[in-house]
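Shown next, in C-alpha cells, is the structure this report addresses.
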Amino acid sequence: MGRTSTRVRWRAAAAALLAAGIVVGPVAAPAVAEDTIRQQQWHLDAMHASEMWKITKGQGITVAVIDGGFNLEHPDLAGQFLPGKDFSGSPGGVGSYGDGHGTGIASLIAGTGRGMGGAGAQGLAPGVKILPLKINNGSVGSLVSSDFLGQIGEAITYAVDQGARVINISQGMNAVIPLSEEVAKINSVIAAARAKGVLVISSVGNEAEKGNPVEYPGALPGVVGVGASDQAGTVTAESEHGPQVTLVAPGMDMIAACTSPTGYCKSHGTSDSAALVSASAALVWSVHPEWTSNQVLRVIINTAGKPKDGSNRTDDAGYGAARPRIALTSPGDPGPSDVSPVPISEAAPTAAPSGATTLPPSSVPSPVESPTDAAVGVAPTQPKGEVVSRSSSALPIVAAVVAGLALVAGVVFILVRRRRSAVQPEAQVPPVPVQHPMPPVPSSYQPPAPPGDNPYVK
C-alpha cells in the first residue's frame, strides 16, 4: 500500500483545535535465509540477554501493551498474553488487528522463541506476561481523535487496576496547538498511574528529519520518552530529539514476530526502542519487586551508557542508552522511593525543538561507574531476497499538554499517515513479491553523536 493519507474531522461539543497527527512507531520486515530468526536479533546479543536471563527473565511482572490489536496465536507469543481488553469499538476483539505493529511490540518484550522449531524471535524479557489492550489506532476504519485519546486513557486506567507495573505505548502523534481538554484528561490519568507506582513508557517519534515535531504521548509529563539507537550506539537519523527524550535503546534492523506471511518482520523505529526499555524495567523489577517506579527508573538511568560529551544528558540520547545488564549486576543506590529521577514539568514541549536544549538539573545521582556493554556473537547477516511488509500504526490525534488549559474554539483536522517498511521472509517460506522497500537514509544527514563509546561494543 505504501503511504496513505486520510483526513478525519473531529467534532467535539465544546471545542477543538488544529493539529496534524503522525504515526510514531517502527517499520517492519521478516528475517533471512542463512541465519535463524534468533541469530538475527543483534540487540539481544548486544544487550547480553543470555547473561541477564541467568538472573531473571522478568517473571512475576506484567507489562501492558497499548496498541492496535495482537496475534494471540503466534507461536512465539502463545501463553504470553493475559486476558486483555478491547477499547477500540471495532469488531473482532483484542485478538484482531489491522497491522502487525502490536504483535511486534509484544514480541520484542516477551517473545519466547518457540516458533521456527525453537529458533524463533525472543523478547528481552521472555518471563513477563503481556496485558494486551487494543485501541483504534487508525489501522482499520475511521478514527475520531477524541475517541482515541479517551481509549488511551481508559487503557492506562485499566492496566493500573489489573496490576501492570509497566505500560508500553509505542504510538504517537504531533500537535500544532497544545491545548485540549482531552489531553488534560490523559495527563491526569498518567499522573494517577505514576501515583500508584506504574511506569508509563512511550516512543518519542520517527520524524526527526521531517521537522522534528513533538510527539505525544511520549512528550507528556510523567511519561518516559524513548529514542532509537543503532548497532554502533549512534542515535538514528529518524529518532526525534528534545527535552522529552529520557533514554535510547536499539531501534534499527530489529527482528520480531509479526503478522506477515512468514511470521517474522524486520523493523526500525522508536516504537521498538520503547518496547526494549519497557522490558528492561520489567527485568529490574523482577529482581527488586520492593522498589518503586522511581527507583527502577533511576537505576536504569544511572547505569545507562552516557552521552559521549560527558554530559548528564543530551536532547539526542537523553540520559543515555539503556543497559539492563548493568542495572541488574551493578545497580548502585536506587535512591529515594518517592522522588522522581527526572524533572516532571507542568508542561511538555510545545514545539519542535530547533536546537540543542537541556532539561533543568534533575535529582538523578551521579552516574554509576560500570563496564561498557560488549556485543556477544556476530552481528546479523544483511537479509537477502524478497520482502513483505508490516506496517507501523499511524496515529492521528490531537495533542497537547497541560491539565487545566482552556479549550480553543474551532474545527480539528487530523492527517493520518501510515508508514510501511521492508520485510524479509524466511528461507523456507515461498518468496513474496517486494511491496515496500525500506526508504534509504539521506546521505546528507549527519546523525547525532553516539551515547558514549558504543555502549554495546567494547
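All residue names refer to the C-alpha cells as shown: chains lettered A, B, ... in order, residues numbered from 1 in each chain, ligands numbered from 1 in order.
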Shell of 6 Å around range 160-169 of chain A, only C-alpha atoms, local chain residues under 6 positions omitted, as JSON, numbers by chain:
{"A": [62, 63, 64, 65, 66, 198, 199, 200, 201, 202]}
Quick check for you: according to DSSP on this backbone, which residues of range 147-224 of chain A are classed as strand (DSSP E or B)? Reply as a PyMOL selection string.
chain A and resi 166-169+173-174+199-203+215-216+224
If we count only C-alpha atoms, what is near range 239-248 of chain A at a cut-off of 6 Å, once residues fewer than 6 positions away on the same chain are taken out, given as a ChimeraX atom specification?
/A:205-208,212,219,224-228,315-321,353,359
Run DSSP on the backbone and give me the residues of range 68-186 of chain A it puts in helix (DSSP H, G or I), as a PyMOL selection string.
chain A and resi 101-110+115-118+145-161+181-186
Write to file, as a compact mmCIF listing (two decimals), in the first residue's frame, the residues of the selection just made, with C-alpha atoms.
# COMPACT_ATOMS: atom_id res chain seq x y z
CA HIS A 101 2.52 -3.46 14.99
CA GLY A 102 1.13 -4.64 18.32
CA THR A 103 2.31 -8.20 17.71
CA GLY A 104 5.83 -6.97 17.01
CA ILE A 105 5.96 -4.84 20.15
CA ALA A 106 4.72 -7.74 22.30
CA SER A 107 7.35 -9.99 20.68
CA LEU A 108 10.22 -7.60 21.42
CA ILE A 109 9.17 -7.56 25.06
CA ALA A 110 8.14 -11.14 25.77
CA GLY A 115 8.47 -20.65 16.72
CA MET A 116 10.63 -21.99 13.89
CA GLY A 117 11.29 -25.15 15.87
CA GLY A 118 12.66 -23.22 18.82
CA SER A 145 -9.20 11.80 17.70
CA SER A 146 -11.19 12.50 20.84
CA ASP A 147 -12.22 8.84 20.97
CA PHE A 148 -8.59 7.81 20.51
CA LEU A 149 -7.41 9.91 23.44
CA GLY A 150 -10.23 8.55 25.55
CA GLN A 151 -9.26 4.99 24.65
CA ILE A 152 -5.63 5.60 25.64
CA GLY A 153 -6.76 6.97 29.00
CA GLU A 154 -9.17 4.11 29.62
CA ALA A 155 -6.49 1.57 28.72
CA ILE A 156 -3.97 3.13 31.12
CA THR A 157 -6.50 3.12 33.96
CA TYR A 158 -7.44 -0.48 33.24
CA ALA A 159 -3.79 -1.56 33.14
CA VAL A 160 -3.15 0.02 36.53
CA ASP A 161 -6.22 -1.70 38.00
CA GLU A 181 -9.47 19.16 27.21
CA GLU A 182 -8.84 15.57 26.17
CA VAL A 183 -5.09 15.92 26.68
CA ALA A 184 -5.70 17.49 30.07
CA LYS A 185 -7.68 14.38 30.97
CA ILE A 186 -4.96 11.99 29.83
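Near Trp285 in chain A, within 8 Å and counting only C-alpha atoms, sit A:Gly58, A:Ile61, A:Ala281, A:Pro289, A:Glu290, A:Trp291, A:Val296, not including residues fewer than 4 positions from it in the same chain.
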Smallest atom-to-atom distance to Glu215 in chain A: which of A:Gly172, A:Gly263, A:Gly100, A:Gly233, using only C-alpha atoms?
A:Gly172
Given only C-alpha atoms as the counted atoms, nearest of A:Leu82, A:Ala256, A:Val128, A:Ile344 to Pro221 in chain A:
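Counting only C-alpha atoms, the residue closest to Pro221 in chain A is A:Ile344.
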For a quick check of understanding, using only C-alpha atoms, which of A:Gly60, A:Ile37, A:Leu124, A:Pro324 has the smallest distance to Thr262 in chain A?
A:Ile37
Proximity to Ile255 in chain A - best of A:Lys54, A:Lys308, A:Arg313, A:His43, only C-alpha atoms
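Between A:Lys54, A:Lys308, A:Arg313, A:His43, the residue approaching Ile255 in chain A most closely is A:His43.
CA of Asn137 in chain A to CA of Ser88 in chain A spans 8.1 Å [interatomic distance, one decimal].
Between CA of Asp99 in chain A and CA of Val189 in chain A the interatomic distance comes to 27.2 Å.
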d(CA of Ala279 in chain A, CA of Ala249 in chain A) in Å:
10.9 Å
Residues near Ser170 in chain A, cut-off 8 Å, only C-alpha atoms, skip fewer than 6 positions along chain, as an mmCIF file with N, CA and C atoms, in the first residue's frame:
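Generated file (part_20.cif):
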data_model
loop_
_atom_site.group_PDB
_atom_site.id
_atom_site.type_symbol
_atom_site.label_atom_id
_atom_site.label_comp_id
_atom_site.auth_asym_id
_atom_site.auth_seq_id
_atom_site.Cartn_x
_atom_site.Cartn_y
_atom_site.Cartn_z
ATOM 1 N N VAL A 24 4.024 7.200 15.208
ATOM 2 C CA VAL A 24 5.335 7.082 15.826
ATOM 3 C C VAL A 24 5.545 5.625 16.090
ATOM 4 N N GLY A 25 6.232 4.921 15.283
ATOM 5 C CA GLY A 25 6.446 3.527 15.565
ATOM 6 C C GLY A 25 7.442 2.951 14.625
ATOM 7 N N ILE A 66 -0.354 -1.139 24.911
ATOM 8 C CA ILE A 66 -1.496 -0.456 24.302
ATOM 9 C C ILE A 66 -1.200 -0.283 22.823
ATOM 10 N N ASP A 67 -1.971 -0.976 21.977
ATOM 11 C CA ASP A 67 -1.678 -0.957 20.539
ATOM 12 C C ASP A 67 -2.938 -1.303 19.759
ATOM 13 N N ILE A 105 5.570 -5.442 18.879
ATOM 14 C CA ILE A 105 5.957 -4.839 20.153
ATOM 15 C C ILE A 105 5.899 -5.883 21.264
ATOM 16 N N SER A 202 6.890 5.411 26.488
ATOM 17 C CA SER A 202 6.387 5.655 25.138
ATOM 18 C C SER A 202 7.510 6.043 24.188
ATOM 19 N N SER A 203 7.309 5.766 22.924
ATOM 20 C CA SER A 203 8.239 6.200 21.887
ATOM 21 C C SER A 203 8.145 7.714 21.713
ATOM 22 N N THR A 270 11.391 4.163 16.916
ATOM 23 C CA THR A 270 11.397 4.358 18.355
ATOM 24 C C THR A 270 10.345 3.508 19.067
ATOM 25 N N SER A 271 9.383 2.974 18.336
ATOM 26 C CA SER A 271 8.426 2.051 18.945
ATOM 27 C C SER A 271 9.146 0.821 19.473
ATOM 28 N N ASP A 272 10.062 0.284 18.665
ATOM 29 C CA ASP A 272 10.853 -0.872 19.079
ATOM 30 C C ASP A 272 11.688 -0.534 20.307
ATOM 31 N N ALA A 274 11.140 1.732 22.630
ATOM 32 C CA ALA A 274 10.297 1.837 23.825
ATOM 33 C C ALA A 274 9.999 0.451 24.385
ATOM 34 N N ALA A 275 9.755 -0.510 23.497
ATOM 35 C CA ALA A 275 9.479 -1.879 23.943
ATOM 36 C C ALA A 275 10.660 -2.436 24.740
#
